[in-house]
There are 2 protein chains.
Amino acid sequence: MISDQPITSSDKIFYLLRNAIVEGSIKHGSKLNEAELSTTYEVSRAVIREAINRLVTCHLVERKANVGARVVELSEHGLIELYQVRESLEGMAARLAAQNMTQQEIADLNQLLESHFATVKPGESYYQEAGDVDFHYRIILGSKNQQLITILVEGIYHLVRMYRVQFGMAGPRVTTAFDEHKYIAMAIKNRDAELAEMLMRRHITYSKNNIADKLSQS
Amino acid sequence: MISDQPITSSDKIFYLLRNAIVEGSIKHGSKLNEAELSTTYEVSRAVIREAINRLVTCHLVERKANVGARVVELSEHGLIELYQVRESLEGMAARLAAQNMTQQEIADLNQLLESHFATVKPGESYYQEAGDVDFHYRIILGSKNQQLITILVEGIYHLVRMYRVQFGMAGPRVTTAFDEHKYIAMAIKNRDAELAEMLMRRHITYSKNNIADKLSQS
DNA sequence: AATAGCAATATTGTCGACAATGAGTAAATA
DNA sequence: TATTTACTCATTGTCGACAATATTGCTATT
């Protein structure tokens, strides 16, 4: 799979801004001033506008006519909504993955889990961050449903990452999440679409509740 | 709910183009030439670009750097994928609607069904077109999940309509679809989220299969 | 002092021109 | 004749300036 790297100016600015927004160096809810960005990044306003439009496309930014663009607001309520959508879409992704992944892809998925099991120390948060995302991505791509892949990879997942980073969601749930992943992988291996969907939905519901608990404490 | 009408030039062009694409007067898969559109609609290329970007946002158009924008291609395979996503998202919408719709909204929903039942003659395709969409919209909005609403109303549904129009999907299934709607509404009225989701998923699966059968005949 | 209206300013929307890139064509070479 | 290469043309990307709109701050009036 050849990934076309950023050729155009707007591309670069888009990636820069997206990173800044996800990482929080541009705060959520803040306004994006075109002229200002234009001078700081040393490109024309047209480029900035183009980049902002692409940010709108992935739901990281909202724009009002004649008023301007703002980074989306983050809230506990918004996070719940996001996870409800994830539950629905990734459940379907798991179902389709059980039907459509090749034997090779399934083997790779299991190998990924084993390598994680080997390297991860209990209580370490590495797994949650990189490994978890990796696992979910493989299943999403394994669905082979382009519509689904686009919505999740280009739309939802940057928002998910934004919440993870800015709400500081790493923490425990490492080992339990690992087991959940294991069972999902097993269902896929058995080509049990029903079960794969159900387990994935439970997996996401669990982590939603886990997050909601944490937030209400703080 | 106050809907802000098209103020800006790009707005108008966006709506015009979207209509033309959905209705098929701009063919699926065809290229969008910026200069050409600019002269026919008598606006600058900037507003055309803006409009095209918004079409990209609702997945009706795809753009490649330095090459240009094309209307998405329609195919039987693409339609199946679309309906899988609908099944997943609208299932969740029905679940949430059962939890979140007000008593008033539920009453209105039932009244809508009754008025359809009164006016619709068997074999008439009116119901499929307007009534079906109306029913589904109410449930989507009833979910009260903004993320979900945006994805479906701004993204998926224009594509659905595009397939409906251009693949000529009206046909029968009127009366059976009506019954399915009735049972979904009942589940929502009883606040049975589980059942509402299940029935909605089945409803969409049925119509997917119905369409697939038709297409393979022709 | 509070508010309404108005003027000044800041910001976004739109425009036409130029630069950069891709696509198509014809000539040149093997 | 097939293939490569250089050139031309068509199309998209980027720019700075101007127009239209929203926001802000001031003044006047009650």
# chains A, B, ... in the order shown; residues from 1 in each chain; ligands from 1

call {"tool": "interface_residues", "arguments": {"of": "chain C", "to": "chain B", "cutoff": "10 Å", "atoms": "only C-alpha atoms (C1' of nucleotides)", "output": "list of chain:residue names"}}
result
C:DG13, C:DT14, C:DC15, C:DG16, C:DA20, C:DT21, C:DG22, C:DA23

call {"tool": "interface_residues", "arguments": {"of": "chain D", "to": "chain A", "cutoff": "8 Å", "atoms": "only C-alpha atoms (C1' of nucleotides)", "output": "list in words"}}
result
DG13, DT14, DC15, DT21 and DA22 of chain D

call {"tool": "interface_residues", "arguments": {"of": "chain B", "to": "chain A", "cutoff": "6 Å", "atoms": "only C-alpha atoms", "output": "list in words"}}
result
Thr57, Glu81, Ser88 and Asn145 of chain B

call {"tool": "write_last_selection", "arguments": {"atoms": "N, CA, C and O atoms", "output": "CSV table (one decimal), in the first residue's frame"}}
result
chain,number,residue,atom,x,y,z
B,57,THR,N,-16.8,16.8,2.0
B,57,THR,CA,-17.2,16.6,3.4
B,57,THR,C,-18.3,15.6,3.5
B,57,THR,O,-18.4,14.8,4.4
B,81,GLU,N,-22.2,-1.8,0.9
B,81,GLU,CA,-21.4,-1.2,2.0
B,81,GLU,C,-22.1,-0.1,2.7
B,81,GLU,O,-22.1,-0.1,4.0
B,88,SER,N,-25.8,-0.5,11.0
B,88,SER,CA,-25.1,-0.3,12.3
B,88,SER,C,-25.5,1.0,12.9
B,88,SER,O,-25.9,1.0,14.1
B,145,ASN,N,-28.1,12.2,19.7
B,145,ASN,CA,-26.6,12.0,19.7
B,145,ASN,C,-26.1,12.8,18.5
B,145,ASN,O,-26.3,12.5,17.3

call {"tool": "residues_around", "arguments": {"residues": "Asp192 of chain B", "least_positions_apart": "6", "cutoff": "8 Å", "atoms": "only C-alpha atoms (C1' of nucleotides)", "output": "PyMOL selection string"}}
result
chain B and resi 95+98-99

call {"tool": "write_last_selection", "arguments": {"atoms": "C-alpha atoms", "output": "short mmCIF file (atom, residue, chain, number, x, y, z; two decimals), in the first residue's frame"}}
result
data_model
loop_
_atom_site.label_atom_id
_atom_site.label_comp_id
_atom_site.auth_asym_id
_atom_site.auth_seq_id
_atom_site.Cartn_x
_atom_site.Cartn_y
_atom_site.Cartn_z
CA ARG B 95 -31.72 2.21 20.55
CA ALA B 98 -36.04 4.59 22.66
CA GLN B 99 -34.15 6.06 25.59
#

call {"tool": "select_by_dssp", "arguments": {"residues": "segment 12-171 of chain B", "states": "strand (DSSP E)", "output": "PyMOL selection string"}}
result
chain B and resi 31-32+61-64+68-71

call {"tool": "atom_distance", "arguments": {"atom1": "atom CA of Ser30 of chain B", "atom2": "atom C1' of DT8 of chain D"}}
result
25.2 Å

call {"tool": "select_by_dssp", "arguments": {"residues": "segment 2-121 of chain A", "states": "helix (DSSP H, G or I)", "output": "short mmCIF file (atom, residue, chain, number, x, y, z; two decimals) with C-alpha atoms, in the first residue's frame"}}
result
data_model
loop_
_atom_site.label_atom_id
_atom_site.label_comp_id
_atom_site.auth_asym_id
_atom_site.auth_seq_id
_atom_site.Cartn_x
_atom_site.Cartn_y
_atom_site.Cartn_z
CA SER A 9 1.09 23.21 0.82
CA SER A 10 -2.40 22.80 2.22
CA ASP A 11 -1.56 19.19 2.99
CA LYS A 12 1.34 20.15 5.21
CA ILE A 13 -0.60 22.86 7.01
CA PHE A 14 -3.51 20.47 7.44
CA TYR A 15 -1.29 17.87 9.11
CA LEU A 16 0.39 20.49 11.28
CA LEU A 17 -2.90 21.96 12.43
CA ARG A 18 -4.45 18.55 12.99
CA ASN A 19 -1.57 17.52 15.18
CA ALA A 20 -1.66 20.77 17.10
CA ILE A 21 -5.38 20.37 17.70
CA VAL A 22 -5.22 16.72 18.70
CA GLU A 23 -2.24 17.27 20.98
CA GLU A 34 -7.08 32.87 9.18
CA ALA A 35 -4.90 35.95 8.92
CA GLU A 36 -3.03 35.06 12.08
CA LEU A 37 -2.38 31.47 11.00
CA SER A 38 -1.41 32.78 7.58
CA THR A 39 1.43 34.85 9.07
CA THR A 40 2.63 32.27 11.59
CA TYR A 41 2.87 29.51 9.00
CA ARG A 45 -4.85 32.66 3.47
CA ALA A 46 -6.09 30.42 0.66
CA VAL A 47 -3.89 27.62 1.94
CA ILE A 48 -5.12 28.14 5.48
CA ARG A 49 -8.73 28.09 4.35
CA GLU A 50 -8.14 24.89 2.41
CA ALA A 51 -6.54 23.27 5.46
CA ILE A 52 -9.37 24.41 7.72
CA ASN A 53 -11.91 22.95 5.32
CA ARG A 54 -10.19 19.61 5.59
CA LEU A 55 -10.26 19.87 9.36
CA VAL A 56 -13.99 20.46 9.09
CA THR A 57 -14.21 17.29 7.04
CA GLU A 76 -17.85 14.44 28.98
CA HIS A 77 -21.16 14.35 27.17
CA GLY A 78 -19.43 14.58 23.80
CA LEU A 79 -17.16 11.73 24.76
CA ILE A 80 -20.13 9.51 25.63
CA GLU A 81 -21.72 10.28 22.27
CA LEU A 82 -18.49 9.48 20.50
CA TYR A 83 -18.22 6.12 22.21
CA GLN A 84 -21.79 5.25 21.34
CA VAL A 85 -20.94 5.78 17.69
CA ARG A 86 -17.76 3.77 18.11
CA GLU A 87 -19.68 0.92 19.72
CA SER A 88 -22.02 0.80 16.79
CA LEU A 89 -19.50 1.15 13.97
CA GLU A 90 -16.68 -0.93 15.38
CA GLY A 91 -19.15 -3.63 16.33
CA MET A 92 -20.12 -3.81 12.69
CA ALA A 93 -16.45 -3.68 11.72
CA ALA A 94 -15.73 -6.72 13.87
CA ARG A 95 -18.68 -8.57 12.36
CA LEU A 96 -17.47 -7.86 8.84
CA ALA A 97 -13.87 -8.59 9.75
CA ALA A 98 -14.91 -12.06 10.89
CA GLN A 99 -16.35 -12.59 7.41
CA ASN A 100 -13.80 -10.82 5.28
CA GLN A 103 -6.30 -16.18 6.96
CA GLN A 104 -3.03 -14.28 6.73
CA GLU A 105 -4.52 -11.15 8.25
CA ILE A 106 -6.02 -13.17 11.07
CA ALA A 107 -2.68 -14.82 11.73
CA ASP A 108 -1.00 -11.42 11.83
CA LEU A 109 -3.62 -10.15 14.24
CA ASN A 110 -2.94 -12.99 16.64
CA GLN A 111 0.78 -12.49 16.34
CA LEU A 112 0.29 -8.84 17.22
CA LEU A 113 -1.55 -9.82 20.38
CA GLU A 114 1.15 -12.30 21.37
CA SER A 115 3.90 -9.75 20.90
CA HIS A 116 1.97 -7.32 23.05
CA PHE A 117 1.47 -9.92 25.71
CA ALA A 118 5.18 -10.58 25.73
CA THR A 119 6.35 -6.99 25.96
#

call {"tool": "residues_around", "arguments": {"residues": "DA27 of chain C", "least_positions_apart": "5", "cutoff": "12 Å", "atoms": "only C-alpha atoms (C1' of nucleotides)", "output": "list in words"}}
result
DT4, DT5, DA6 and DC7 of chain D

call {"tool": "residues_around", "arguments": {"residues": "DA8 of chain C", "least_positions_apart": "5", "cutoff": "10 Å", "atoms": "only C-alpha atoms (C1' of nucleotides)", "output": "list of chain:residue names"}}
result
D:DT24, D:DG25, D:DC26

call {"tool": "decode", "arguments": {"residues": "chain D", "atoms": "N, CA, C and O atoms (P, O5', C5', C4', C3', O3' and C1' of nucleotides)", "output": "PDB file, in the first residue's frame"}}
result
ATOM      1  P    DT D   1       4.249   0.174 -38.885  1.00  0.00           P
ATOM      2  O5'  DT D   1       4.388  -0.450 -37.453  1.00  0.00           O
ATOM      3  C5'  DT D   1       4.816  -1.822 -37.363  1.00  0.00           C
ATOM      4  C4'  DT D   1       5.451  -1.995 -36.017  1.00  0.00           C
ATOM      5  C3'  DT D   1       4.683  -1.307 -34.887  1.00  0.00           C
ATOM      6  O3'  DT D   1       4.637  -2.161 -33.767  1.00  0.00           O
ATOM      7  C1'  DT D   1       6.916  -0.513 -34.924  1.00  0.00           C
ATOM      8  P    DA D   2       3.586  -1.893 -32.624  1.00  0.00           P
ATOM      9  O5'  DA D   2       4.544  -1.705 -31.378  1.00  0.00           O
ATOM     10  C5'  DA D   2       5.623  -2.624 -31.169  1.00  0.00           C
ATOM     11  C4'  DA D   2       6.629  -2.033 -30.212  1.00  0.00           C
ATOM     12  C3'  DA D   2       6.007  -1.352 -28.989  1.00  0.00           C
ATOM     13  O3'  DA D   2       6.695  -1.751 -27.818  1.00  0.00           O
ATOM     14  C1'  DA D   2       7.401   0.181 -30.135  1.00  0.00           C
ATOM     15  P    DT D   3       6.239  -1.296 -26.378  1.00  0.00           P
ATOM     16  O5'  DT D   3       7.303  -0.168 -26.004  1.00  0.00           O
ATOM     17  C5'  DT D   3       8.686  -0.361 -26.362  1.00  0.00           C
ATOM     18  C4'  DT D   3       9.480   0.886 -26.050  1.00  0.00           C
ATOM     19  C3'  DT D   3       8.970   1.673 -24.837  1.00  0.00           C
ATOM     20  O3'  DT D   3      10.061   2.050 -24.023  1.00  0.00           O
ATOM     21  C1'  DT D   3       9.165   3.108 -26.686  1.00  0.00           C
ATOM     22  P    DT D   4       9.909   2.562 -22.513  1.00  0.00           P
ATOM     23  O5'  DT D   4      10.753   3.915 -22.500  1.00  0.00           O
ATOM     24  C5'  DT D   4      12.035   3.950 -23.159  1.00  0.00           C
ATOM     25  C4'  DT D   4      12.264   5.329 -23.731  1.00  0.00           C
ATOM     26  C3'  DT D   4      12.125   6.483 -22.717  1.00  0.00           C
ATOM     27  O3'  DT D   4      13.374   7.158 -22.630  1.00  0.00           O
ATOM     28  C1'  DT D   4      11.050   6.997 -24.749  1.00  0.00           C
ATOM     29  P    DT D   5      13.690   8.275 -21.518  1.00  0.00           P
ATOM     30  O5'  DT D   5      13.466   9.639 -22.316  1.00  0.00           O
ATOM     31  C5'  DT D   5      14.068   9.809 -23.604  1.00  0.00           C
ATOM     32  C4'  DT D   5      13.623  11.132 -24.191  1.00  0.00           C
ATOM     33  C3'  DT D   5      13.431  12.253 -23.173  1.00  0.00           C
ATOM     34  O3'  DT D   5      13.984  13.450 -23.689  1.00  0.00           O
ATOM     35  C1'  DT D   5      11.473  12.010 -24.451  1.00  0.00           C
ATOM     36  P    DA D   6      14.459  14.682 -22.778  1.00  0.00           P
ATOM     37  O5'  DA D   6      13.819  15.910 -23.551  1.00  0.00           O
ATOM     38  C5'  DA D   6      13.937  15.971 -24.968  1.00  0.00           C
ATOM     39  C4'  DA D   6      12.767  16.756 -25.538  1.00  0.00           C
ATOM     40  C3'  DA D   6      12.445  18.039 -24.777  1.00  0.00           C
ATOM     41  O3'  DA D   6      12.218  19.081 -25.714  1.00  0.00           O
ATOM     42  C1'  DA D   6      10.508  16.702 -24.930  1.00  0.00           C
ATOM     43  P    DC D   7      12.269  20.611 -25.298  1.00  0.00           P
ATOM     44  O5'  DC D   7      10.833  21.102 -25.746  1.00  0.00           O
ATOM     45  C5'  DC D   7      10.321  20.694 -27.019  1.00  0.00           C
ATOM     46  C4'  DC D   7       8.800  20.702 -26.973  1.00  0.00           C
ATOM     47  C3'  DC D   7       8.191  21.941 -26.317  1.00  0.00           C
ATOM     48  O3'  DC D   7       7.425  22.634 -27.276  1.00  0.00           O
ATOM     49  C1'  DC D   7       7.120  19.944 -25.586  1.00  0.00           C
ATOM     50  P    DT D   8       6.877  24.127 -26.967  1.00  0.00           P
ATOM     51  O5'  DT D   8       5.296  23.881 -26.930  1.00  0.00           O
ATOM     52  C5'  DT D   8       4.705  23.010 -27.904  1.00  0.00           C
ATOM     53  C4'  DT D   8       3.295  22.672 -27.460  1.00  0.00           C
ATOM     54  C3'  DT D   8       2.497  23.843 -26.900  1.00  0.00           C
ATOM     55  O3'  DT D   8       1.229  23.874 -27.511  1.00  0.00           O
ATOM     56  C1'  DT D   8       2.459  22.044 -25.376  1.00  0.00           C
ATOM     57  P    DC D   9       0.226  25.135 -27.311  1.00  0.00           P
ATOM     58  O5'  DC D   9      -0.929  24.482 -26.428  1.00  0.00           O
ATOM     59  C5'  DC D   9      -1.477  23.216 -26.795  1.00  0.00           C
ATOM     60  C4'  DC D   9      -2.248  22.642 -25.630  1.00  0.00           C
ATOM     61  C3'  DC D   9      -3.193  23.629 -24.945  1.00  0.00           C
ATOM     62  O3'  DC D   9      -4.476  23.035 -24.849  1.00  0.00           O
ATOM     63  C1'  DC D   9      -1.830  22.556 -23.336  1.00  0.00           C
ATOM     64  P    DA D  10      -5.743  23.952 -24.401  1.00  0.00           P
ATOM     65  O5'  DA D  10      -6.218  23.155 -23.099  1.00  0.00           O
ATOM     66  C5'  DA D  10      -6.219  21.730 -23.120  1.00  0.00           C
ATOM     67  C4'  DA D  10      -6.320  21.196 -21.710  1.00  0.00           C
ATOM     68  C3'  DA D  10      -7.363  21.902 -20.843  1.00  0.00           C
ATOM     69  O3'  DA D  10      -8.069  20.928 -20.099  1.00  0.00           O
ATOM     70  C1'  DA D  10      -5.254  22.017 -19.786  1.00  0.00           C
ATOM     71  P    DT D  11      -9.321  21.332 -19.211  1.00  0.00           P
ATOM     72  O5'  DT D  11      -8.737  21.338 -17.739  1.00  0.00           O
ATOM     73  C5'  DT D  11      -8.100  20.172 -17.238  1.00  0.00           C
ATOM     74  C4'  DT D  11      -7.470  20.466 -15.902  1.00  0.00           C
ATOM     75  C3'  DT D  11      -8.349  21.285 -14.955  1.00  0.00           C
ATOM     76  O3'  DT D  11      -8.624  20.502 -13.808  1.00  0.00           O
ATOM     77  C1'  DT D  11      -6.119  22.069 -14.959  1.00  0.00           C
ATOM     78  P    DT D  12      -9.442  21.110 -12.544  1.00  0.00           P
ATOM     79  O5'  DT D  12      -8.313  21.284 -11.434  1.00  0.00           O
ATOM     80  C5'  DT D  12      -7.495  20.172 -11.102  1.00  0.00           C
ATOM     81  C4'  DT D  12      -6.294  20.625 -10.298  1.00  0.00           C
ATOM     82  C3'  DT D  12      -6.631  21.263  -8.941  1.00  0.00           C
ATOM     83  O3'  DT D  12      -5.730  20.752  -7.968  1.00  0.00           O
ATOM     84  C1'  DT D  12      -5.280  22.709 -10.193  1.00  0.00           C
ATOM     85  P    DG D  13      -5.799  21.233  -6.430  1.00  0.00           P
ATOM     86  O5'  DG D  13      -4.625  22.307  -6.324  1.00  0.00           O
ATOM     87  C5'  DG D  13      -3.280  21.828  -6.269  1.00  0.00           C
ATOM     88  C4'  DG D  13      -2.327  22.971  -5.955  1.00  0.00           C
ATOM     89  C3'  DG D  13      -2.613  23.702  -4.642  1.00  0.00           C
ATOM     90  O3'  DG D  13      -1.377  23.948  -3.972  1.00  0.00           O
ATOM     91  C1'  DG D  13      -2.640  25.240  -6.430  1.00  0.00           C
ATOM     92  P    DT D  14      -1.316  24.627  -2.539  1.00  0.00           P
ATOM     93  O5'  DT D  14      -1.071  26.168  -2.868  1.00  0.00           O
ATOM     94  C5'  DT D  14       0.157  26.542  -3.487  1.00  0.00           C
ATOM     95  C4'  DT D  14       0.177  28.028  -3.739  1.00  0.00           C
ATOM     96  C3'  DT D  14      -0.122  28.903  -2.511  1.00  0.00           C
ATOM     97  O3'  DT D  14       1.029  29.689  -2.236  1.00  0.00           O
ATOM     98  C1'  DT D  14      -1.306  29.661  -4.451  1.00  0.00           C
ATOM     99  P    DC D  15       1.083  30.595  -0.939  1.00  0.00           P
ATOM    100  O5'  DC D  15       0.691  32.036  -1.521  1.00  0.00           O
ATOM    101  C5'  DC D  15       1.483  32.564  -2.572  1.00  0.00           C
ATOM    102  C4'  DC D  15       0.825  33.760  -3.202  1.00  0.00           C
ATOM    103  C3'  DC D  15       0.380  34.845  -2.233  1.00  0.00           C
ATOM    104  O3'  DC D  15       1.346  35.876  -2.180  1.00  0.00           O
ATOM    105  C1'  DC D  15      -1.206  34.477  -4.023  1.00  0.00           C
ATOM    106  P    DG D  16       1.411  36.833  -0.918  1.00  0.00           P
ATOM    107  O5'  DG D  16       0.569  38.102  -1.393  1.00  0.00           O
ATOM    108  C5'  DG D  16       0.932  38.779  -2.586  1.00  0.00           C
ATOM    109  C4'  DG D  16      -0.195  39.685  -3.034  1.00  0.00           C
ATOM    110  C3'  DG D  16      -0.666  40.704  -1.990  1.00  0.00           C
ATOM    111  O3'  DG D  16      -0.772  41.988  -2.595  1.00  0.00           O
ATOM    112  C1'  DG D  16      -2.501  39.427  -2.774  1.00  0.00           C
ATOM    113  P    DA D  17      -1.294  43.250  -1.762  1.00  0.00           P
ATOM    114  O5'  DA D  17      -2.759  43.455  -2.356  1.00  0.00           O
ATOM    115  C5'  DA D  17      -2.922  43.571  -3.766  1.00  0.00           C
ATOM    116  C4'  DA D  17      -4.393  43.768  -4.102  1.00  0.00           C
ATOM    117  C3'  DA D  17      -5.109  44.833  -3.270  1.00  0.00           C
ATOM    118  O3'  DA D  17      -6.002  45.564  -4.094  1.00  0.00           O
ATOM    119  C1'  DA D  17      -6.221  42.764  -3.032  1.00  0.00           C
ATOM    120  P    DC D  18      -6.624  46.944  -3.576  1.00  0.00           P
ATOM    121  O5'  DC D  18      -8.181  46.615  -3.528  1.00  0.00           O
ATOM    122  C5'  DC D  18      -8.826  46.134  -4.697  1.00  0.00           C
ATOM    123  C4'  DC D  18     -10.130  45.455  -4.333  1.00  0.00           C
ATOM    124  C3'  DC D  18     -11.096  46.329  -3.522  1.00  0.00           C
ATOM    125  O3'  DC D  18     -12.355  46.319  -4.164  1.00  0.00           O
ATOM    126  C1'  DC D  18     -10.863  44.210  -2.525  1.00  0.00           C
ATOM    127  P    DA D  19     -13.580  47.234  -3.598  1.00  0.00           P
ATOM    128  O5'  DA D  19     -14.660  46.160  -3.112  1.00  0.00           O
ATOM    129  C5'  DA D  19     -14.963  45.048  -3.946  1.00  0.00           C
ATOM    130  C4'  DA D  19     -15.983  44.145  -3.265  1.00  0.00           C
ATOM    131  C3'  DA D  19     -17.098  44.875  -2.527  1.00  0.00           C
ATOM    132  O3'  DA D  19     -18.313  44.157  -2.706  1.00  0.00           O
ATOM    133  C1'  DA D  19     -15.867  43.569  -0.982  1.00  0.00           C
ATOM    134  P    DA D  20     -19.684  44.673  -2.049  1.00  0.00           P
ATOM    135  O5'  DA D  20     -19.839  43.703  -0.792  1.00  0.00           O
ATOM    136  C5'  DA D  20     -19.866  42.297  -0.993  1.00  0.00           C
ATOM    137  C4'  DA D  20     -20.038  41.587   0.336  1.00  0.00           C
ATOM    138  C3'  DA D  20     -21.161  42.141   1.215  1.00  0.00           C
ATOM    139  O3'  DA D  20     -21.872  41.043   1.770  1.00  0.00           O
ATOM    140  C1'  DA D  20     -19.136  42.150   2.425  1.00  0.00           C
ATOM    141  P    DT D  21     -23.246  41.310   2.578  1.00  0.00           P
ATOM    142  O5'  DT D  21     -22.903  40.882   4.067  1.00  0.00           O
ATOM    143  C5'  DT D  21     -22.229  39.654   4.303  1.00  0.00           C
ATOM    144  C4'  DT D  21     -21.521  39.686   5.639  1.00  0.00           C
ATOM    145  C3'  DT D  21     -22.381  40.139   6.818  1.00  0.00           C
ATOM    146  O3'  DT D  21     -22.670  38.998   7.614  1.00  0.00           O
ATOM    147  C1'  DT D  21     -20.169  41.012   6.924  1.00  0.00           C
ATOM    148  P    DA D  22     -23.451  39.102   8.991  1.00  0.00           P
ATOM    149  O5'  DA D  22     -22.264  39.279  10.050  1.00  0.00           O
ATOM    150  C5'  DA D  22     -21.399  38.181  10.282  1.00  0.00           C
ATOM    151  C4'  DA D  22     -20.335  38.556  11.313  1.00  0.00           C
ATOM    152  C3'  DA D  22     -20.871  38.852  12.712  1.00  0.00           C
ATOM    153  O3'  DA D  22     -20.024  38.207  13.655  1.00  0.00           O
ATOM    154  C1'  DA D  22     -19.598  40.683  11.944  1.00  0.00           C
ATOM    155  P    DT D  23     -20.405  38.182  15.220  1.00  0.00           P
ATOM    156  O5'  DT D  23     -19.399  39.217  15.891  1.00  0.00           O
ATOM    157  C5'  DT D  23     -18.013  39.130  15.556  1.00  0.00           C
ATOM    158  C4'  DT D  23     -17.261  40.310  16.124  1.00  0.00           C
ATOM    159  C3'  DT D  23     -17.647  40.697  17.555  1.00  0.00           C
ATOM    160  O3'  DT D  23     -16.467  40.728  18.333  1.00  0.00           O
ATOM    161  C1'  DT D  23     -17.645  42.604  16.147  1.00  0.00           C
ATOM    162  P    DT D  24     -16.559  40.957  19.927  1.00  0.00           P
ATOM    163  O5'  DT D  24     -15.984  42.438  20.071  1.00  0.00           O
ATOM    164  C5'  DT D  24     -14.877  42.845  19.246  1.00  0.00           C
ATOM    165  C4'  DT D  24     -14.684  44.343  19.343  1.00  0.00           C
ATOM    166  C3'  DT D  24     -14.927  44.919  20.737  1.00  0.00           C
ATOM    167  O3'  DT D  24     -13.806  45.712  21.106  1.00  0.00           O
ATOM    168  C1'  DT D  24     -16.150  46.139  19.116  1.00  0.00           C
ATOM    169  P    DG D  25     -13.612  46.212  22.623  1.00  0.00           P
ATOM    170  O5'  DG D  25     -13.794  47.784  22.487  1.00  0.00           O
ATOM    171  C5'  DG D  25     -13.208  48.445  21.379  1.00  0.00           C
ATOM    172  C4'  DG D  25     -13.795  49.833  21.247  1.00  0.00           C
ATOM    173  C3'  DG D  25     -14.048  50.544  22.578  1.00  0.00           C
ATOM    174  O3'  DG D  25     -13.602  51.891  22.468  1.00  0.00           O
ATOM    175  C1'  DG D  25     -16.048  50.468  21.324  1.00  0.00           C
ATOM    176  P    DC D  26     -13.560  52.864  23.715  1.00  0.00           P
ATOM    177  O5'  DC D  26     -14.424  54.099  23.205  1.00  0.00           O
ATOM    178  C5'  DC D  26     -14.262  54.547  21.862  1.00  0.00           C
ATOM    179  C4'  DC D  26     -15.508  55.304  21.429  1.00  0.00           C
ATOM    180  C3'  DC D  26     -15.999  56.346  22.443  1.00  0.00           C
ATOM    181  O3'  DC D  26     -16.016  57.621  21.829  1.00  0.00           O
ATOM    182  C1'  DC D  26     -17.798  54.976  21.689  1.00  0.00           C
ATOM    183  P    DT D  27     -16.175  58.965  22.716  1.00  0.00           P
ATOM    184  O5'  DT D  27     -17.646  59.456  22.342  1.00  0.00           O
ATOM    185  C5'  DT D  27     -18.075  59.394  20.979  1.00  0.00           C
ATOM    186  C4'  DT D  27     -19.581  59.537  20.926  1.00  0.00           C
ATOM    187  C3'  DT D  27     -20.158  60.559  21.889  1.00  0.00           C
ATOM    188  O3'  DT D  27     -20.986  61.471  21.180  1.00  0.00           O
ATOM    189  C1'  DT D  27     -21.308  58.498  22.097  1.00  0.00           C
ATOM    190  P    DA D  28     -21.533  62.806  21.845  1.00  0.00           P
ATOM    191  O5'  DA D  28     -23.093  62.484  21.927  1.00  0.00           O
ATOM    192  C5'  DA D  28     -23.749  61.936  20.785  1.00  0.00           C
ATOM    193  C4'  DA D  28     -25.083  61.351  21.201  1.00  0.00           C
ATOM    194  C3'  DA D  28     -25.917  62.255  22.102  1.00  0.00           C
ATOM    195  O3'  DA D  28     -27.255  62.272  21.642  1.00  0.00           O
ATOM    196  C1'  DA D  28     -25.641  60.152  23.136  1.00  0.00           C
ATOM    197  P    DT D  29     -28.237  63.462  21.983  1.00  0.00           P
ATOM    198  O5'  DT D  29     -29.456  62.705  22.662  1.00  0.00           O
ATOM    199  C5'  DT D  29     -29.911  61.451  22.115  1.00  0.00           C
ATOM    200  C4'  DT D  29     -30.487  60.589  23.216  1.00  0.00           C
ATOM    201  C3'  DT D  29     -31.359  61.347  24.228  1.00  0.00           C
ATOM    202  O3'  DT D  29     -32.695  60.866  24.134  1.00  0.00           O
ATOM    203  C1'  DT D  29     -29.920  59.788  25.298  1.00  0.00           C
ATOM    204  P    DT D  30     -33.894  61.660  24.892  1.00  0.00           P
ATOM    205  O5'  DT D  30     -34.283  60.695  26.085  1.00  0.00           O
ATOM    206  C5'  DT D  30     -34.563  59.305  25.839  1.00  0.00           C
ATOM    207  C4'  DT D  30     -34.444  58.507  27.133  1.00  0.00           C
ATOM    208  C3'  DT D  30     -35.164  59.152  28.298  1.00  0.00           C
ATOM    209  O3'  DT D  30     -36.420  58.477  28.517  1.00  0.00           O
ATOM    210  C1'  DT D  30     -33.008  58.311  28.938  1.00  0.00           C
TER     211       DT D  30
END
